[in-house]
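Participant: run-v2.cif is the file, holding mmCIF, C-alpha atoms:
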data_run
#
loop_
_atom_site.label_atom_id
_atom_site.label_comp_id
_atom_site.auth_asym_id
_atom_site.auth_seq_id
_atom_site.Cartn_x
_atom_site.Cartn_y
_atom_site.Cartn_z
CA MET A 3 -21.70 -15.19 17.55
CA LEU A 4 -20.40 -16.14 14.12
CA ILE A 5 -22.97 -16.61 11.37
CA ASN A 6 -22.98 -16.61 7.58
CA MET A 7 -23.98 -13.73 5.32
CA LYS A 8 -27.32 -15.21 4.33
CA GLU A 9 -28.39 -15.32 7.98
CA MET A 10 -27.01 -11.85 8.67
CA LEU A 11 -28.74 -10.11 5.78
CA ALA A 12 -32.05 -11.97 6.10
CA ILE A 13 -32.64 -10.29 9.47
CA ALA A 14 -31.38 -6.93 8.16
CA ASN A 15 -33.71 -7.18 5.17
CA LYS A 16 -36.71 -8.09 7.30
CA ASN A 17 -36.07 -5.15 9.63
CA HIS A 18 -34.99 -2.61 6.99
CA PHE A 19 -31.43 -1.74 7.99
CA ALA A 20 -27.95 -2.30 6.55
CA VAL A 21 -24.92 -3.96 8.13
CA GLY A 22 -21.48 -2.40 7.88
CA ALA A 23 -18.67 -4.54 6.42
CA PHE A 24 -15.29 -3.29 7.65
CA ASN A 25 -11.94 -4.35 6.19
CA ALA A 26 -9.78 -5.33 9.18
CA THR A 27 -6.25 -6.30 8.19
CA GLU A 28 -4.50 -6.41 11.56
CA SER A 29 -5.29 -6.54 15.26
CA SER A 30 -5.80 -2.82 15.99
CA LEU A 31 -8.23 -2.35 13.11
CA PHE A 32 -9.96 -5.60 14.03
CA ARG A 33 -10.31 -4.51 17.65
CA SER A 34 -11.79 -1.20 16.53
CA VAL A 35 -14.59 -2.99 14.67
CA VAL A 36 -15.36 -5.70 17.22
CA GLU A 37 -15.21 -3.54 20.33
CA GLU A 38 -17.38 -0.81 18.81
CA ALA A 39 -19.91 -3.34 17.52
CA GLU A 40 -20.15 -4.79 21.02
CA ALA A 41 -20.37 -1.35 22.63
CA GLN A 42 -23.22 -0.38 20.31
CA ASP A 43 -24.89 -3.83 20.31
CA ALA A 44 -24.71 -3.71 16.52
CA PRO A 45 -24.24 -6.59 14.05
CA ALA A 46 -21.14 -6.24 11.87
CA ILE A 47 -19.16 -7.91 9.11
CA VAL A 48 -15.40 -8.28 9.32
CA GLN A 49 -13.91 -8.65 5.87
CA VAL A 50 -10.64 -8.60 3.93
CA ALA A 51 -9.60 -8.57 0.31
CA PRO A 52 -7.29 -11.42 -0.88
CA GLY A 53 -4.16 -9.29 -0.64
CA GLU A 54 -5.05 -8.32 2.92
CA PHE A 55 -5.68 -11.98 3.76
CA GLU A 56 -2.21 -12.93 2.52
CA PHE A 57 -0.64 -10.06 4.45
CA ALA A 58 -2.33 -10.95 7.74
CA THR A 59 -1.86 -14.75 7.21
CA LYS A 60 -4.47 -17.43 7.81
CA GLU A 61 -3.16 -17.89 11.39
CA PHE A 62 -4.30 -14.36 12.25
CA TYR A 63 -7.81 -15.31 11.22
CA THR A 64 -7.76 -18.26 13.62
CA TYR A 65 -7.65 -15.63 16.38
CA VAL A 66 -10.25 -13.50 14.56
CA ARG A 67 -12.66 -16.41 14.20
CA GLU A 68 -12.32 -17.38 17.87
CA ARG A 69 -12.91 -13.80 19.01
CA LEU A 70 -16.00 -13.40 16.83
CA ALA A 71 -17.49 -16.77 17.74
CA GLY A 72 -17.28 -15.92 21.44
CA SER A 73 -19.03 -12.56 21.14
CA ARG A 74 -22.67 -11.93 22.09
CA VAL A 75 -22.94 -9.76 18.96
CA PRO A 76 -23.50 -11.41 15.53
CA PHE A 77 -20.59 -11.23 13.10
CA VAL A 78 -19.80 -12.53 9.63
CA LEU A 79 -16.20 -13.25 8.56
CA HIS A 80 -16.11 -12.48 4.85
CA LEU A 81 -13.61 -12.55 1.98
CA ASP A 82 -14.12 -9.46 -0.18
CA HIS A 83 -13.38 -9.50 -3.93
CA GLY A 84 -12.13 -13.05 -4.33
CA LYS A 85 -11.15 -13.32 -7.97
CA SER A 86 -10.89 -17.10 -8.19
CA VAL A 87 -12.26 -20.28 -6.64
CA GLU A 88 -8.80 -20.90 -5.20
CA GLN A 89 -8.73 -17.59 -3.31
CA CYS A 90 -12.20 -18.22 -1.93
CA MET A 91 -11.36 -21.77 -0.86
CA LYS A 92 -8.34 -20.51 1.09
CA ALA A 93 -10.65 -18.28 3.09
CA ILE A 94 -13.18 -21.07 3.66
CA GLN A 95 -10.41 -23.35 4.89
CA ALA A 96 -9.38 -20.57 7.30
CA GLY A 97 -12.89 -20.53 8.79
CA PHE A 98 -14.56 -17.69 6.89
CA THR A 99 -18.35 -17.92 6.84
CA SER A 100 -18.84 -15.96 3.62
CA VAL A 101 -16.92 -15.28 0.41
CA MET A 102 -17.29 -13.01 -2.59
CA LEU A 103 -16.55 -14.36 -6.04
CA ASP A 104 -15.99 -11.18 -8.03
CA GLY A 105 -16.24 -11.99 -11.71
CA SER A 106 -17.58 -8.55 -12.59
CA GLU A 107 -14.73 -7.73 -14.97
CA LEU A 108 -15.25 -10.97 -16.92
CA PRO A 109 -17.70 -11.41 -19.79
CA TYR A 110 -21.17 -11.96 -18.36
CA GLU A 111 -21.44 -15.70 -19.10
CA GLU A 112 -17.98 -16.34 -17.61
CA ASN A 113 -19.00 -14.42 -14.50
CA VAL A 114 -22.13 -16.58 -14.24
CA SER A 115 -20.19 -19.82 -14.70
CA LEU A 116 -17.45 -19.03 -12.16
CA THR A 117 -19.86 -17.66 -9.55
CA LYS A 118 -22.14 -20.69 -9.93
CA GLU A 119 -19.19 -23.01 -9.36
CA MET A 120 -18.24 -21.14 -6.21
CA SER A 121 -21.80 -21.16 -4.88
CA GLY A 122 -22.03 -24.92 -5.31
CA LEU A 123 -18.83 -25.51 -3.36
CA ALA A 124 -19.46 -22.97 -0.61
CA HIS A 125 -23.05 -23.96 0.07
CA MET A 126 -21.98 -27.54 0.78
CA VAL A 127 -20.23 -26.25 3.93
CA ASP A 128 -22.83 -23.59 4.86
CA VAL A 129 -20.72 -20.68 3.60
CA SER A 130 -22.54 -17.82 1.86
CA VAL A 131 -21.55 -16.35 -1.50
CA GLU A 132 -21.71 -12.76 -2.73
CA GLY A 133 -21.61 -12.08 -6.47
CA GLU A 134 -21.29 -8.89 -8.48
CA ILE A 135 -22.60 -7.54 -11.77
CA GLY A 136 -21.54 -4.14 -13.00
CA THR A 137 -18.15 -2.69 -12.06
CA ILE A 138 -16.96 -0.46 -9.20
CA GLY A 139 -14.65 2.49 -9.79
CA VAL A 140 -11.25 2.72 -8.12
CA MET A 141 -9.13 5.48 -6.59
CA SER A 142 -5.32 5.27 -6.37
CA ASN A 143 -5.41 4.69 -2.60
CA SER A 144 -7.55 1.52 -2.72
CA GLU A 145 -6.49 -2.11 -2.24
CA GLU A 146 -9.85 -3.55 -3.26
CA GLY A 147 -9.46 -3.04 -7.00
CA GLY A 148 -11.92 -1.67 -9.52
CA VAL A 149 -11.99 -0.10 -12.96
CA GLU A 150 -11.45 3.40 -14.33
CA HIS A 151 -14.86 3.56 -16.00
CA VAL A 152 -17.86 2.25 -14.06
CA THR A 153 -20.31 -0.08 -15.80
CA TYR A 154 -23.66 0.34 -14.08
CA THR A 155 -25.64 -2.75 -13.14
CA ASN A 156 -28.42 -3.54 -15.61
CA PRO A 157 -31.63 -4.36 -13.72
CA GLU A 158 -32.58 -6.78 -16.52
CA ASP A 159 -29.56 -8.96 -15.63
CA VAL A 160 -30.26 -9.25 -11.90
CA VAL A 161 -32.86 -12.04 -11.79
CA ASP A 162 -31.04 -14.04 -14.46
CA PHE A 163 -27.70 -13.79 -12.64
CA VAL A 164 -29.07 -14.68 -9.20
CA THR A 165 -31.15 -17.56 -10.54
CA LYS A 166 -28.27 -19.10 -12.49
CA THR A 167 -25.58 -18.64 -9.83
CA GLY A 168 -27.45 -19.19 -6.58
CA VAL A 169 -25.70 -16.28 -4.82
CA ASP A 170 -26.96 -15.19 -1.40
CA CYS A 171 -26.40 -11.46 -1.96
CA LEU A 172 -25.46 -9.24 -4.87
CA ALA A 173 -23.04 -6.34 -5.16
CA ILE A 174 -24.25 -3.74 -7.62
CA ALA A 175 -22.67 -0.76 -9.36
CA ILE A 176 -24.60 2.50 -8.95
CA GLY A 177 -21.76 5.04 -8.98
CA THR A 178 -19.35 4.36 -6.10
CA ALA A 179 -15.57 3.83 -6.16
CA HIS A 180 -13.12 2.12 -3.82
CA GLY A 181 -10.85 4.43 -1.83
CA ILE A 182 -10.89 8.01 -0.59
CA TYR A 183 -12.16 10.46 -3.22
CA PRO A 184 -9.74 13.26 -4.16
CA LYS A 185 -10.44 16.80 -3.02
CA GLY A 186 -13.11 18.42 -5.15
CA PHE A 187 -14.49 15.12 -6.47
CA VAL A 188 -18.20 14.78 -5.64
CA PRO A 189 -19.61 11.28 -6.21
CA LYS A 190 -23.29 10.81 -6.93
CA LEU A 191 -25.19 7.58 -6.41
CA GLN A 192 -27.75 6.63 -9.05
CA LEU A 193 -30.59 6.13 -6.58
CA GLU A 194 -33.25 5.76 -9.28
CA LEU A 195 -31.25 2.86 -10.70
CA LEU A 196 -31.04 1.34 -7.22
CA GLU A 197 -34.83 1.50 -6.92
CA LYS A 198 -35.21 -0.41 -10.21
CA ILE A 199 -32.72 -3.06 -9.11
CA GLN A 200 -34.31 -3.40 -5.66
CA ALA A 201 -37.72 -3.91 -7.24
CA VAL A 202 -36.57 -7.09 -9.03
CA SER A 203 -33.72 -8.51 -6.93
CA PRO A 204 -34.44 -11.87 -5.21
CA VAL A 205 -31.53 -11.37 -2.77
CA PRO A 206 -30.20 -8.58 -0.51
CA LEU A 207 -28.10 -5.91 -2.21
CA VAL A 208 -24.55 -4.81 -1.41
CA LEU A 209 -22.93 -1.40 -1.88
CA HIS A 210 -19.17 -1.40 -2.42
CA GLY A 211 -17.05 1.72 -2.14
CA GLY A 212 -19.21 3.13 0.66
CA SER A 213 -16.43 5.22 2.19
CA ASN A 214 -16.36 8.97 1.54
CA ASN A 215 -19.82 9.23 -0.04
CA PRO A 216 -22.29 11.89 1.19
CA ASP A 217 -24.07 10.60 4.29
CA GLU A 218 -27.55 11.38 3.07
CA GLU A 219 -27.03 9.43 -0.15
CA ILE A 220 -25.85 6.40 1.81
CA ARG A 221 -28.76 6.73 4.25
CA GLU A 222 -31.22 6.91 1.36
CA ALA A 223 -29.58 3.91 -0.36
CA CYS A 224 -30.08 1.89 2.84
CA ARG A 225 -33.70 3.05 3.03
CA ILE A 226 -34.30 1.90 -0.54
CA GLY A 227 -32.83 -1.54 0.02
CA ILE A 228 -29.04 -1.75 0.40
CA ARG A 229 -28.38 -4.27 3.18
CA LYS A 230 -24.56 -4.43 3.30
CA VAL A 231 -22.25 -1.43 2.95
CA ASN A 232 -18.49 -1.91 2.56
CA ILE A 233 -16.30 0.50 4.55
CA SER A 234 -12.51 0.36 4.43
CA SER A 235 -10.77 3.65 3.68
CA ASP A 236 -12.74 5.89 6.07
CA PHE A 237 -11.94 4.16 9.34
CA LYS A 238 -8.40 3.13 8.31
CA TYR A 239 -7.63 6.74 7.42
CA ALA A 240 -8.87 7.92 10.83
CA PHE A 241 -6.74 5.28 12.58
CA PHE A 242 -3.48 5.99 10.77
CA LYS A 243 -3.94 9.75 10.81
CA LYS A 244 -4.19 9.69 14.61
CA VAL A 245 -1.30 7.24 15.03
CA ASN A 246 0.91 9.41 12.83
CA GLN A 247 -0.10 12.52 14.79
CA VAL A 248 0.78 10.89 18.14
CA ILE A 249 4.15 9.71 16.84
CA GLU A 250 5.01 13.15 15.45
CA GLU A 251 3.92 14.97 18.62
CA THR A 252 5.46 12.64 21.19
CA GLY A 253 8.17 10.68 19.41
CA GLY A 254 6.71 7.68 21.21
CA PHE A 255 6.85 4.09 20.07
CA ILE A 256 5.15 2.18 22.91
CA PRO A 257 2.24 0.38 21.16
CA ALA A 258 -0.41 1.07 23.81
CA LYS A 259 0.35 4.80 23.82
CA VAL A 260 0.59 5.11 20.04
CA LEU A 261 -2.11 2.71 18.85
CA ASN A 262 -4.89 3.23 21.40
CA PRO A 263 -5.63 6.83 20.28
CA GLY A 264 -5.86 5.52 16.71
CA ILE A 265 -8.26 2.79 17.78
CA GLU A 266 -10.48 5.35 19.50
CA ASP A 267 -10.63 7.57 16.41
CA ALA A 268 -11.39 4.57 14.20
CA LYS A 269 -14.20 3.55 16.57
CA GLN A 270 -15.78 6.98 16.22
CA VAL A 271 -15.96 6.58 12.44
CA ILE A 272 -17.33 3.04 12.78
CA ARG A 273 -20.02 4.25 15.19
CA GLU A 274 -21.03 7.04 12.81
CA LYS A 275 -21.32 4.55 9.95
CA MET A 276 -23.43 2.15 12.01
CA GLU A 277 -25.81 4.99 12.86
CA LEU A 278 -26.01 5.85 9.17
CA PHE A 279 -26.87 2.26 8.27
CA GLY A 280 -29.49 1.97 11.01
CA SER A 281 -27.77 -0.99 12.69
CA LEU A 282 -27.20 0.46 16.16
CA GLY A 283 -28.86 -1.70 18.82
CA LYS A 284 -30.00 -4.32 16.30
CA ALA A 285 -27.89 -7.25 17.60
CA GLY A 286 -30.78 -8.38 19.79
CA LEU A 287 -32.76 -9.31 16.70
CA TYR A 288 -30.34 -12.21 16.14
CA ARG A 289 -30.56 -13.73 19.63
#
Take the structure in the file and write it out as structure tokens.

Facilitator:
Amino acid sequence: MLINMKEMLAIANKNHFAVGAFNATESSLFRSVVEEAEAQDAPAIVQVAPGEFEFATKEFYTYVRERLAGSRVPFVLHLDHGKSVEQCMKAIQAGFTSVMLDGSELPYEENVSLTKEMSGLAHMVDVSVEGEIGTIGVMSNSEEGGVEHVTYTNPEDVVDFVTKTGVDCLAIAIGTAHGIYPKGFVPKLQLELLEKIQAVSPVPLVLHGGSNNPDEEIREACRIGIRKVNISSDFKYAFFKKVNQVIEETGGFIPAKVLNPGIEDAKQVIREKMELFGSLGKAGLYR
């Protein structure tokens, strides 16, 4: 079942859980997400950043779209961190049901103008739009981008931004960063700030950089009102760590023998994240 982000998060919001958004750049990572979502009867979002989209090619996402549309579990196919209308339109033309126009590093009024333009175009073809105000940090091992110094989302800007742009969900900055945190680095989410934003936001809220944060902080963020959590580094790391281990131990190169153990380890991480978000067994709510 392939739906747009507005439909996905409306049900999540009504039933007080979050949906995991997993960056799947190639077939093994994609299989990990889809097969575990089906096994757990959990809704899920398959997403990619623009660089990942170009790497995989639009033809790959023809297969992805067909696989998702034929599933009994609800999925969204989403472009993460599109920086321009052109990048977002490429994804829409490839069959994506949701796009993010990330103008968070632009001056506020430019962000509003660009995001509004994208919303107008996307909504004409029933594609949802995610916007962002505030900036996400970045670690050296991330492909999603970000800035060295986080600018926290100002609750006073939320209603104005959503009203002017018409976005369907909003990514906020409350202290996360893209990528795996270095050893000894302890992130801390600004949960009091999240509560203030949640109190005024007209649309569901999105947490970027959800990998590698303390579980209880993520669980509490979902309880307060986060409805989409982006996960990329955590499950990719588990996959490639296992694949590398199998290659080193066996010297093997047969894909099924090398990649399947990686898929299984990635699935375990995905399952743990879905439990954290409260989405296990929630697919029935969409049928």

Participant: Neighbouring residues of Leu103 (chain A) were defined as those with any atom within 6 Å, considering only C-alpha atoms; residues of the same chain fewer than 6 positions away were excluded. Please report them as a list of chain:residue names.

Facilitator: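 The residues satisfying every condition are A:Gly84, A:Lys85, A:Thr117, A:Gly133.
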
Participant: Which neighbours of Ala39 (chain A) fall inside 10 Å, counting only C-alpha atoms, when residues of the same chain fewer than 3 positions from it are skipped, and could you give them as number ranges by chain?

Facilitator: A: 22, 33-36, 42-47, 73, 75-77, 269, 272-273, 276, 281-283, 285

Participant: Could you write those residues out with C-alpha atoms, as an mmCIF file, keeping the file's coordinate frame?

Facilitator:
data_model
loop_
_atom_site.group_PDB
_atom_site.id
_atom_site.type_symbol
_atom_site.label_atom_id
_atom_site.label_comp_id
_atom_site.auth_asym_id
_atom_site.auth_seq_id
_atom_site.Cartn_x
_atom_site.Cartn_y
_atom_site.Cartn_z
ATOM 1 C CA GLY A 22 -21.480 -2.400 7.880
ATOM 2 C CA ARG A 33 -10.310 -4.510 17.650
ATOM 3 C CA SER A 34 -11.790 -1.200 16.530
ATOM 4 C CA VAL A 35 -14.590 -2.990 14.670
ATOM 5 C CA VAL A 36 -15.360 -5.700 17.220
ATOM 6 C CA GLN A 42 -23.220 -0.380 20.310
ATOM 7 C CA ASP A 43 -24.890 -3.830 20.310
ATOM 8 C CA ALA A 44 -24.710 -3.710 16.520
ATOM 9 C CA PRO A 45 -24.240 -6.590 14.050
ATOM 10 C CA ALA A 46 -21.140 -6.240 11.870
ATOM 11 C CA ILE A 47 -19.160 -7.910 9.110
ATOM 12 C CA SER A 73 -19.030 -12.560 21.140
ATOM 13 C CA VAL A 75 -22.940 -9.760 18.960
ATOM 14 C CA PRO A 76 -23.500 -11.410 15.530
ATOM 15 C CA PHE A 77 -20.590 -11.230 13.100
ATOM 16 C CA LYS A 269 -14.200 3.550 16.570
ATOM 17 C CA ILE A 272 -17.330 3.040 12.780
ATOM 18 C CA ARG A 273 -20.020 4.250 15.190
ATOM 19 C CA MET A 276 -23.430 2.150 12.010
ATOM 20 C CA SER A 281 -27.770 -0.990 12.690
ATOM 21 C CA LEU A 282 -27.200 0.460 16.160
ATOM 22 C CA GLY A 283 -28.860 -1.700 18.820
ATOM 23 C CA ALA A 285 -27.890 -7.250 17.600
#

Participant: Go through A:Ala41, A:Ile94, A:Leu11, A:Glu194 one by one, measure the shortest atom-to-atom distance of each to Leu172 (chain A) using only C-alpha atoms, and give the residue with the smallest value.

Facilitator: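 Among A:Ala41, A:Ile94, A:Leu11, A:Glu194, it is A:Leu11 that comes nearest to Leu172 (chain A).
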
Participant: Name the residues that the PyMOL selection byres ((chain A and resi 125) around 12) pulls out of this structure, and write them as a list in words.

Facilitator: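 On the file shown, the PyMOL selection byres ((chain A and resi 125) around 12) covers Asn6, Met7, Lys8, Met91, Ile94, Thr99, Ser100, Val101, Thr117, Lys118, Glu119, Met120, Ser121, Gly122, Leu123, Ala124, Met126, Val127, Asp128, Val129, Ser130, Val131, Glu132, Thr167, Gly168, Val169 and Asp170 of chain A.
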
Participant: Choose the residue, out of A:Asn246, A:Thr27, A:Asn232, A:Ser115, that has the smallest atom-to-atom separation from Thr59 (chain A); count all atoms listed in the file.

Facilitator: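 With all atoms listed in the file as the atom set, the closest residue is A:Thr27.
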
Participant: Find the residue from A:Ile138, A:Ser30, A:Ile5, A:Ile174 that sits nearest to Val260 (chain A); use all atoms listed in the file when measuring.

Facilitator: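 Using all atoms listed in the file, Val260 (chain A) sits closest to A:Ser30.
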
Participant: Go through A:Ser203, A:Leu79, A:Leu193, A:Ser235 one by one, measure the shortest atom-to-atom distance of each to Glu222 (chain A) using all atoms listed in the file, and give the residue with the smallest value.

Facilitator: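 Looking at the shortest contact to Glu222 (chain A), the residue is A:Leu193.
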
Participant: Compile the contact shell of Ala223 (chain A) as a ChimeraX atom specification: residues with an atom at most 12 Å away, counting only C-alpha atoms, same-chain residues fewer than 2 positions apart removed.

Facilitator: /A:18-20,174,176-178,190-197,199-200,207-210,212,215-221,225-231,278-280

Participant: For CA of Ala173 (chain A) and CA of Ile265 (chain A), determine how far apart the two atoms are, in Å to one decimal place.

Facilitator: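 One can read the CA of Ala173 (chain A) to CA of Ile265 (chain A) distance as 28.8 Å.
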
Participant: Separation of CA of Asn156 (chain A) and CA of Glu134 (chain A), in Å?

Facilitator: 11.4 Å

Participant: Using only C-alpha atoms for the distances, tell me which of A:Met3, A:Ile135, A:Ala58, A:Met10 is nearest to Pro157 (chain A).

Facilitator: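 Ranking A:Met3, A:Ile135, A:Ala58, A:Met10 by distance to Pro157 (chain A), first place goes to A:Ile135.
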
Participant: What does the distance from CA of Val78 (chain A) to CA of Ala258 (chain A) come to in Å, to one decimal?

Facilitator: 27.6 Å

Participant: Excluding Lys259 (chain A) and residues on its chain fewer than 5 positions from it, collect all residues at most 12 Å away from it, counting only C-alpha atoms, and give them as a short mmCIF file (atom, residue, chain, number, x, y, z; two decimals) with C-alpha atoms, in the coordinates of the input.

Facilitator:
data_model
loop_
_atom_site.label_atom_id
_atom_site.label_comp_id
_atom_site.auth_asym_id
_atom_site.auth_seq_id
_atom_site.Cartn_x
_atom_site.Cartn_y
_atom_site.Cartn_z
CA LYS A 244 -4.19 9.69 14.61
CA VAL A 245 -1.30 7.24 15.03
CA ASN A 246 0.91 9.41 12.83
CA GLN A 247 -0.10 12.52 14.79
CA VAL A 248 0.78 10.89 18.14
CA ILE A 249 4.15 9.71 16.84
CA GLU A 251 3.92 14.97 18.62
CA THR A 252 5.46 12.64 21.19
CA GLY A 253 8.17 10.68 19.41
CA GLY A 254 6.71 7.68 21.21
CA GLY A 264 -5.86 5.52 16.71
CA ILE A 265 -8.26 2.79 17.78
CA GLU A 266 -10.48 5.35 19.50
#

Participant: Could you list the residues chosen by the PyMOL selection byres ((chain A and resi 107) around 9) in this structure as a list in words?

Facilitator: Asp104, Gly105, Ser106, Leu108, Pro109, Tyr110, Asn113, Ile135, Gly136, Thr137, Gly148 and Val149 of chain A
